[in-house]
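Q: start_36.csv (CSV, C-alpha atoms and all ligand atoms) pasted underneath:
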chain,number,residue,atom,x,y,z
M,25,MET,CA,97.4,102.2,103.7
M,26,ILE,CA,99.7,104.6,105.7
M,27,HIS,CA,102.2,106.5,103.7
M,28,VAL,CA,104.7,108.7,105.6
M,29,GLN,CA,106.8,111.1,103.5
M,30,GLU,CA,109.9,113.0,104.8
M,31,LEU,CA,108.5,113.4,108.3
M,32,SER,CA,110.6,115.4,110.7
M,33,HIS,CA,109.9,116.4,114.3
M,34,SER,CA,111.9,118.1,117.0
M,35,PHE,CA,111.1,119.2,120.6
M,36,LYS,CA,112.1,122.4,122.3
M,37,ILE,CA,113.8,121.7,125.6
M,38,GLY,CA,115.4,123.8,128.3
M,39,LYS,CA,114.6,127.1,130.1
M,40,LYS,CA,112.8,130.0,128.4
M,41,GLY,CA,115.2,132.0,126.4
M,42,LYS,CA,117.8,129.2,126.4
M,43,GLU,CA,115.7,126.6,124.6
M,44,LYS,CA,117.4,124.1,122.4
M,45,GLN,CA,115.7,122.4,119.5
M,46,VAL,CA,116.3,118.6,119.7
M,47,PRO,CA,115.5,116.6,116.6
M,48,VAL,CA,113.7,113.4,117.4
M,49,LEU,CA,112.5,112.2,113.9
M,50,LYS,CA,114.6,113.0,110.9
M,51,GLU,CA,113.0,112.9,107.4
M,52,LEU,CA,111.3,109.5,107.8
M,53,SER,CA,109.7,108.0,104.7
M,54,PHE,CA,108.0,104.6,104.9
M,55,SER,CA,104.8,102.8,104.2
M,56,ILE,CA,102.5,100.4,106.0
M,57,GLU,CA,100.3,98.2,103.8
M,58,LYS,CA,96.8,97.0,104.5
M,59,GLY,CA,96.7,93.8,106.4
M,60,GLU,CA,100.3,93.9,107.6
M,61,ILE,CA,101.6,93.6,111.1
M,62,VAL,CA,104.4,96.2,111.4
M,63,SER,CA,106.6,96.7,114.3
M,64,ILE,CA,108.6,99.8,115.1
M,65,VAL,CA,111.4,98.8,117.5
M,66,GLY,CA,114.0,100.9,119.2
M,67,ARG,CA,115.5,101.8,122.5
M,68,SER,CA,113.8,104.0,125.1
M,69,GLY,CA,114.0,107.6,123.9
M,70,SER,CA,114.5,106.7,120.3
M,71,GLY,CA,111.3,108.4,119.2
M,72,LYS,CA,108.8,105.5,118.8
M,73,SER,CA,106.0,107.1,120.8
M,74,THR,CA,106.5,110.4,119.1
M,75,LEU,CA,106.1,108.7,115.7
M,76,LEU,CA,103.0,106.9,116.9
M,77,HIS,CA,101.4,110.1,118.2
M,78,ILE,CA,102.1,111.8,114.9
M,79,MET,CA,100.7,108.9,112.8
M,80,ALA,CA,97.5,108.9,115.0
M,81,GLY,CA,97.2,112.7,114.7
M,82,PHE,CA,97.7,113.6,118.3
M,83,LEU,CA,100.8,115.6,117.4
M,84,LYS,CA,101.6,117.7,114.3
M,85,PRO,CA,104.9,117.0,112.5
M,86,ASP,CA,107.3,120.0,111.9
M,87,THR,CA,107.6,118.9,108.3
M,88,GLY,CA,106.5,116.0,106.1
M,89,THR,CA,103.2,114.4,105.2
M,90,ILE,CA,101.1,111.5,106.3
M,91,GLN,CA,98.4,109.8,104.2
M,92,VAL,CA,96.0,107.2,105.5
M,93,ASP,CA,93.9,105.5,102.9
M,94,ASN,CA,94.9,108.3,100.5
M,95,VAL,CA,93.6,111.0,102.9
M,96,HIS,CA,96.2,113.7,103.9
M,97,THR,CA,95.7,113.4,107.6
M,98,SER,CA,98.7,115.6,108.4
M,99,ALA,CA,96.7,118.5,107.0
M,100,PHE,CA,93.8,118.0,109.5
M,101,ASN,CA,93.0,120.3,112.3
M,102,GLU,CA,92.4,118.9,115.8
M,103,ALA,CA,88.7,118.2,115.4
M,104,GLU,CA,89.2,116.5,112.0
M,105,SER,CA,92.0,114.4,113.5
M,106,ALA,CA,89.7,113.3,116.4
M,107,GLN,CA,86.9,112.4,114.0
M,108,PHE,CA,89.2,110.4,111.8
M,109,ARG,CA,90.7,108.5,114.8
M,110,LEU,CA,87.2,107.4,115.8
M,111,THR,CA,86.5,105.7,112.5
M,112,HIS,CA,90.0,104.5,111.5
M,113,PHE,CA,92.2,103.8,114.6
M,114,GLY,CA,92.0,101.6,117.7
M,115,PHE,CA,94.6,101.8,120.5
M,116,ILE,CA,96.1,99.2,122.9
M,117,PHE,CA,98.3,100.4,125.7
M,118,GLN,CA,100.9,98.7,128.0
M,119,ASN,CA,98.8,99.4,131.1
M,120,PHE,CA,95.5,98.4,129.5
M,121,GLN,CA,93.7,101.7,130.5
M,122,LEU,CA,90.4,100.0,131.4
M,123,MET,CA,87.6,101.7,133.3
M,124,PRO,CA,87.9,100.1,136.8
M,125,GLY,CA,84.1,100.6,137.6
M,126,LEU,CA,83.0,98.7,134.5
M,127,THR,CA,82.9,94.9,133.9
M,128,ALA,CA,84.8,93.3,131.0
M,129,PHE,CA,81.6,93.4,129.0
M,130,GLU,CA,80.9,97.0,129.8
M,131,ASN,CA,84.5,98.1,129.0
M,132,ILE,CA,84.2,96.5,125.6
M,133,GLU,CA,80.7,98.0,125.0
M,134,LEU,CA,81.7,101.6,126.0
M,135,PRO,CA,83.0,102.8,122.6
M,136,LEU,CA,79.7,101.6,121.0
M,137,LYS,CA,77.6,103.4,123.6
M,138,LEU,CA,79.6,106.6,122.9
M,139,LYS,CA,78.9,106.1,119.2
M,140,GLY,CA,75.2,105.8,120.0
M,141,GLU,CA,74.9,102.3,118.7
M,142,ASN,CA,71.6,100.5,119.7
M,143,LYS,CA,71.5,97.9,122.5
M,144,HIS,CA,70.9,94.9,120.3
M,145,ILE,CA,73.9,95.6,118.0
M,146,ARG,CA,76.1,96.4,121.1
M,147,LYS,CA,75.2,93.1,122.7
M,148,LYS,CA,75.8,91.1,119.6
M,149,LYS,CA,79.2,92.7,118.8
M,150,VAL,CA,80.5,92.5,122.4
M,151,LYS,CA,79.4,88.8,122.7
M,152,ASP,CA,81.1,88.0,119.4
M,153,LEU,CA,84.4,89.7,120.5
M,154,LEU,CA,84.3,88.2,124.0
M,155,GLN,CA,84.2,84.8,122.3
M,156,HIS,CA,87.0,85.7,119.9
M,157,VAL,CA,89.4,86.8,122.6
M,158,GLY,CA,88.4,83.9,124.9
M,159,LEU,CA,86.7,85.9,127.7
M,160,THR,CA,83.1,84.8,127.6
M,161,ASP,CA,83.4,83.1,131.0
M,162,VAL,CA,84.7,86.2,132.8
M,163,GLN,CA,82.6,88.9,131.0
M,164,ASN,CA,81.0,90.0,134.3
M,165,HIS,CA,84.3,90.4,136.1
M,166,TYR,CA,85.8,93.9,136.9
M,167,PRO,CA,89.3,94.7,135.8
M,168,ASN,CA,90.8,94.0,139.3
M,169,GLU,CA,89.2,90.5,139.1
M,170,LEU,CA,91.1,89.7,135.9
M,171,SER,CA,94.7,88.7,135.3
M,172,GLY,CA,97.0,91.0,133.3
M,173,GLY,CA,96.6,88.9,130.2
M,174,GLN,CA,92.8,88.9,130.5
M,175,GLN,CA,92.8,92.7,131.0
M,176,GLN,CA,94.9,93.1,127.8
M,177,ARG,CA,92.4,90.8,126.0
M,178,VAL,CA,89.6,93.1,127.2
M,179,SER,CA,91.5,96.2,125.9
M,180,ILE,CA,92.1,94.5,122.6
M,181,ALA,CA,88.4,93.7,122.2
M,182,ARG,CA,87.5,97.3,123.1
M,183,ALA,CA,89.9,98.5,120.4
M,184,LEU,CA,88.3,96.3,117.9
M,185,VAL,CA,84.6,96.8,118.7
M,186,THR,CA,84.2,99.8,116.4
M,187,ASP,CA,85.8,97.9,113.5
M,188,PRO,CA,88.8,100.2,112.9
M,189,PRO,CA,91.0,99.0,110.1
M,190,ILE,CA,94.2,100.0,112.0
M,191,ILE,CA,95.3,99.2,115.5
M,192,PHE,CA,98.2,101.0,117.2
M,193,ALA,CA,99.7,99.0,120.0
M,194,ASP,CA,102.1,100.8,122.3
M,195,GLU,CA,104.2,98.1,124.2
M,196,PRO,CA,101.1,95.8,124.3
M,197,THR,CA,102.9,93.1,126.3
M,198,GLY,CA,105.1,95.4,128.4
M,199,SER,CA,103.3,94.5,131.6
M,200,LEU,CA,103.0,90.8,131.0
M,201,ASP,CA,105.1,87.7,131.8
M,202,SER,CA,106.7,85.9,128.9
M,203,GLU,CA,104.1,83.2,128.6
M,204,THR,CA,101.1,85.6,128.6
M,205,GLU,CA,103.1,87.8,126.2
M,206,GLN,CA,103.1,84.9,123.7
M,207,ASP,CA,99.3,84.4,124.2
M,208,ILE,CA,98.7,88.0,123.4
M,209,LEU,CA,101.0,88.1,120.4
M,210,LEU,CA,99.3,85.0,119.0
M,211,LEU,CA,95.9,86.7,119.5
M,212,ILE,CA,97.1,89.7,117.6
M,213,GLN,CA,98.3,87.4,114.7
M,214,SER,CA,95.0,85.6,114.7
M,215,LEU,CA,93.0,88.8,114.6
M,216,ASN,CA,95.2,90.1,111.8
M,217,LYS,CA,94.5,86.9,109.8
M,218,THR,CA,90.8,86.4,110.5
M,219,ARG,CA,89.7,90.1,110.5
M,220,GLY,CA,92.4,91.6,108.2
M,221,ILE,CA,93.2,94.3,110.7
M,222,THR,CA,96.5,96.2,110.3
M,223,PHE,CA,98.5,96.3,113.5
M,224,VAL,CA,101.3,98.8,114.2
M,225,ILE,CA,103.3,97.6,117.2
M,226,ILE,CA,105.7,99.9,119.1
M,227,THR,CA,108.2,98.0,121.2
M,228,HIS,CA,111.7,98.1,122.6
M,229,ASP,CA,111.7,94.2,122.6
M,230,ASP,CA,113.1,92.3,119.7
M,231,THR,CA,111.0,89.2,120.5
M,232,VAL,CA,107.8,91.2,120.3
M,233,ALA,CA,109.0,92.9,117.1
M,234,GLU,CA,109.5,89.5,115.5
M,235,THR,CA,105.7,89.0,115.5
M,236,ALA,CA,105.5,91.4,112.6
M,237,ASN,CA,105.6,90.8,108.9
M,238,ARG,CA,107.8,93.9,108.6
M,239,ILE,CA,110.1,95.4,111.2
M,240,TYR,CA,111.3,99.0,111.2
M,241,ARG,CA,114.2,99.9,113.5
M,242,MET,CA,114.4,103.4,115.0
M,243,HIS,CA,117.8,104.7,115.8
M,244,ASP,CA,119.0,108.3,116.2
M,245,GLY,CA,115.7,109.6,114.7
M,246,GLU,CA,116.1,107.5,111.6
M,247,LEU,CA,114.2,104.4,110.5
M,248,THR,CA,115.7,101.4,108.8
M,249,GLU,CA,113.8,98.4,107.6
M,250,ARG,CA,115.4,95.3,109.2
M,251,GLY,CA,117.7,93.7,106.7
M,252,ALA,CA,118.0,96.8,104.6
M,253,SER,CA,121.4,98.4,104.7
M,254,HIS,CA,120.2,102.0,104.1
M,255,ALA,CA,117.8,104.4,105.9
M,256,ILE,CA,114.4,104.3,104.4
B,301,LIG,N1,106.8,116.7,124.9
B,301,LIG,C1,108.1,116.6,124.8
B,301,LIG,N2,108.9,117.6,125.1
B,301,LIG,C2,110.3,117.5,125.0
B,301,LIG,N3,110.9,116.4,124.6
B,301,LIG,C3,110.2,115.3,124.4
B,301,LIG,C4,108.8,115.3,124.5
B,301,LIG,N4,108.3,114.0,124.3
B,301,LIG,C5,109.4,113.3,124.0
B,301,LIG,N5,110.5,114.0,124.1
B,301,LIG,C6,111.9,113.5,123.9
B,301,LIG,O1,111.9,112.9,122.6
B,301,LIG,C7,112.7,111.8,122.6
B,301,LIG,C8,111.9,110.6,122.1
B,301,LIG,O2,110.8,110.3,123.0
B,301,LIG,P1,109.8,109.1,122.7
B,301,LIG,O3,108.9,109.1,123.9
B,301,LIG,O4,109.2,109.3,121.4
B,301,LIG,O5,110.7,107.8,122.7
B,301,LIG,P2,110.3,106.3,122.8
B,301,LIG,O6,111.2,105.6,121.8
B,301,LIG,O7,108.9,106.1,122.7
B,301,LIG,O8,110.8,105.9,124.3
B,301,LIG,P3,110.1,104.9,125.4
B,301,LIG,O9,110.3,103.5,124.8
B,301,LIG,O10,110.9,105.1,126.6
B,301,LIG,O11,108.7,105.2,125.5
B,301,LIG,C9,113.2,111.6,124.0
B,301,LIG,O12,114.5,112.1,124.0
B,301,LIG,C10,112.3,112.4,124.8
B,301,LIG,O13,112.9,112.9,126.0
Mind turning the file's structure into structure tokens?

A:
Amino acid sequence: MIHVQELSHSFKIGKKGKEKQVPVLKELSFSIEKGEIVSIVGRSGSGKSTLLHIMAGFLKPDTGTIQVDNVHTSAFNEAESAQFRLTHFGFIFQNFQLMPGLTAFENIELPLKLKGENKHIRKKKVKDLLQHVGLTDVQNHYPNELSGGQQQRVSIARALVTDPPIIFADEPTGSLDSETEQDILLLIQSLNKTRGITFVIITHDDTVAETANRIYRMHDGELTERGASHAI
């Protein structure tokens, strides 16, 4: 589903004229198959977010290629990347990123409104997802009237509402206590099983990483599959 080939990226840092090129990702090659939960685990600063931004097309790699569903996404321009994201990717963030002035229902509905979906279909899809993530009773609450776990459920439903095949989750449980973290990880596993959605979870936490079918560890700009003794 996602095939990354010899991907490298570095950042220029320092004052003008004295910039240094710092390599962050070094010739990474790996695959993510349809229907998998994959985690990419590594310390702060190891390059996980950079890799996610490149896979999602927010950032161009210096070298290397990315294919998603056999489409060469790394060759896209900005507009093409944005269009591809709308139909293929959903995103979940550590701090939920909900609209404070919209209710749970309205937050989940928003991507469908932006897509121009009709009211009847919007209502049906949002109701169905509210039920799936266990939020029907609080659908008219605003984000500040919801617990952290409930807010993350809203953001998961919002990511799913346009039916993207792949969800990128950047530290999805980073703001939650350990019990709520488990609830959210179980929800991700259930959505993966029942809807066949591929999840890519970025985390620094080994417990969260264990949720995945496949774990990649990021270290010094290189990626190893857990259990493998060589860089992939
Ligand atoms: N725009 C940028 N310009 C220069 N350096 C950057 C930029 N973005 C990231 N870096 C550097 O690249 C390295 C990797 O950063 P990245 O955010 O990908 O790591 P991370 O593993 O996601 O960390 P965290 O878990 O703290 O979010 C870090 O050393 C960071 O300082």

Q: Find the spatial neighbours of M:Gln121, counting only C-alpha atoms, within a cut-off of 12 Å - ignore same-chain residues fewer than 5 positions away - and output them as a PDB file with C-alpha atoms, keeping the file's coordinate frame.

A:
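Dumped everything to around-v3.pdb:
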ATOM      1  CA  PHE M 115      94.600 101.800 120.500  1.00  0.00           C
ATOM      2  CA  ILE M 116      96.100  99.200 122.900  1.00  0.00           C
ATOM      3  CA  LEU M 126      83.000  98.700 134.500  1.00  0.00           C
ATOM      4  CA  ASN M 131      84.500  98.100 129.000  1.00  0.00           C
ATOM      5  CA  ILE M 132      84.200  96.500 125.600  1.00  0.00           C
ATOM      6  CA  PRO M 167      89.300  94.700 135.800  1.00  0.00           C
ATOM      7  CA  GLY M 172      97.000  91.000 133.300  1.00  0.00           C
ATOM      8  CA  GLN M 175      92.800  92.700 131.000  1.00  0.00           C
ATOM      9  CA  GLN M 176      94.900  93.100 127.800  1.00  0.00           C
ATOM     10  CA  ARG M 177      92.400  90.800 126.000  1.00  0.00           C
ATOM     11  CA  VAL M 178      89.600  93.100 127.200  1.00  0.00           C
ATOM     12  CA  SER M 179      91.500  96.200 125.900  1.00  0.00           C
ATOM     13  CA  ILE M 180      92.100  94.500 122.600  1.00  0.00           C
ATOM     14  CA  ARG M 182      87.500  97.300 123.100  1.00  0.00           C
ATOM     15  CA  ALA M 183      89.900  98.500 120.400  1.00  0.00           C
ATOM     16  CA  ASP M 194     102.100 100.800 122.300  1.00  0.00           C
ATOM     17  CA  PRO M 196     101.100  95.800 124.300  1.00  0.00           C
TER      18      PRO M 196
END

Q: With all atoms listed in the file counted, collect every polymer residue having an atom within 7 Å of ligand LIG 301 (chain B); state the result as a PyMOL selection string.

A: chain M and resi 35-37+48+66-75+227-228

Q: Please report the interatomic distance between atom CA of M:Met123 and atom CA of M:Ser105 in Å with one decimal.

A: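 If I compute the distance from atom CA of M:Met123 to atom CA of M:Ser105, I get 23.9 Å.
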
Q: Which one of M:Lys40, M:His156, M:Lys84, M:Lys50 sits closest to M:Asp244 if you count only C-alpha atoms?

A: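 Nearest to M:Asp244: M:Lys50.
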
Q: Neighbours of M:Leu49 within 12 Å (only C-alpha atoms; same-chain residues fewer than 3 positions away dropped), as number ranges by chain?

A: M: 28-35, 46, 52-53, 69-76, 78, 85-88, 242-247

Q: Which residue, M:Gly173, M:Gly59, M:Pro189, M:Gly140, has the smallest gap to M:Gln118 when you use all atoms listed in the file?

A: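 Using all atoms listed in the file, M:Gln118 sits closest to M:Gly173.
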
Q: Ranking M:Asn142, M:Ser55, M:Thr111, M:Gln163 by minimum distance to M:Thr186 and counting all atoms listed in the file, which one comes first?

A: M:Thr111

Q: Mind pulling up the distance from atom CA of M:Val185 to atom CA of M:Lys151?

A: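 Atom-to-atom, atom CA of M:Lys151 to atom CA of M:Val185, that is 10.3 Å.
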
Q: Report, in Å to a single decimal, how far apart atom CA of M:Ile90 and atom CA of M:Ile26 are.

A: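 Between atom CA of M:Ile26 and atom CA of M:Ile90 the gap works out to 7.1 Å.
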
Q: With all atoms listed in the file as the counted atoms, please give the residues lying no more than 9 Å from M:Ile212, apart from itself and same-chain residues fewer than 2 positions off, as a compact mmCIF listing (two decimals) with C-alpha atoms, keeping the file's coordinate frame.

A:
# COMPACT_ATOMS: atom_id res chain seq x y z
CA ILE M 61 101.60 93.60 111.10
CA ILE M 180 92.10 94.50 122.60
CA ASP M 207 99.30 84.40 124.20
CA ILE M 208 98.70 88.00 123.40
CA LEU M 209 101.00 88.10 120.40
CA LEU M 210 99.30 85.00 119.00
CA SER M 214 95.00 85.60 114.70
CA LEU M 215 93.00 88.80 114.60
CA ASN M 216 95.20 90.10 111.80
CA LYS M 217 94.50 86.90 109.80
CA PHE M 223 98.50 96.30 113.50
CA THR M 235 105.70 89.00 115.50

Q: Give me the residues near M:Val62 as JSON, numbers by chain, where near means some atom within 6 Å (using all atoms listed in the file) and where sequence neighbours in that chain fewer than 6 positions away do not count.

A: {"M": [224, 236, 238, 239]}

Q: Point out the residue among M:Val162, M:Ala80, M:Val232, M:Ile225 with the least atom-to-atom distance to M:Leu200, counting all atoms listed in the file.

A: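 Nearest candidate to M:Leu200 out of M:Val162, M:Ala80, M:Val232, M:Ile225: M:Val232.
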
Q: Restricting the calculation to only C-alpha atoms, which member of M:Ile221, M:Ala233, M:Val150, M:Met25 is positioned closest to M:Thr127?

A: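 For M:Thr127, the nearest of the candidates is M:Val150.
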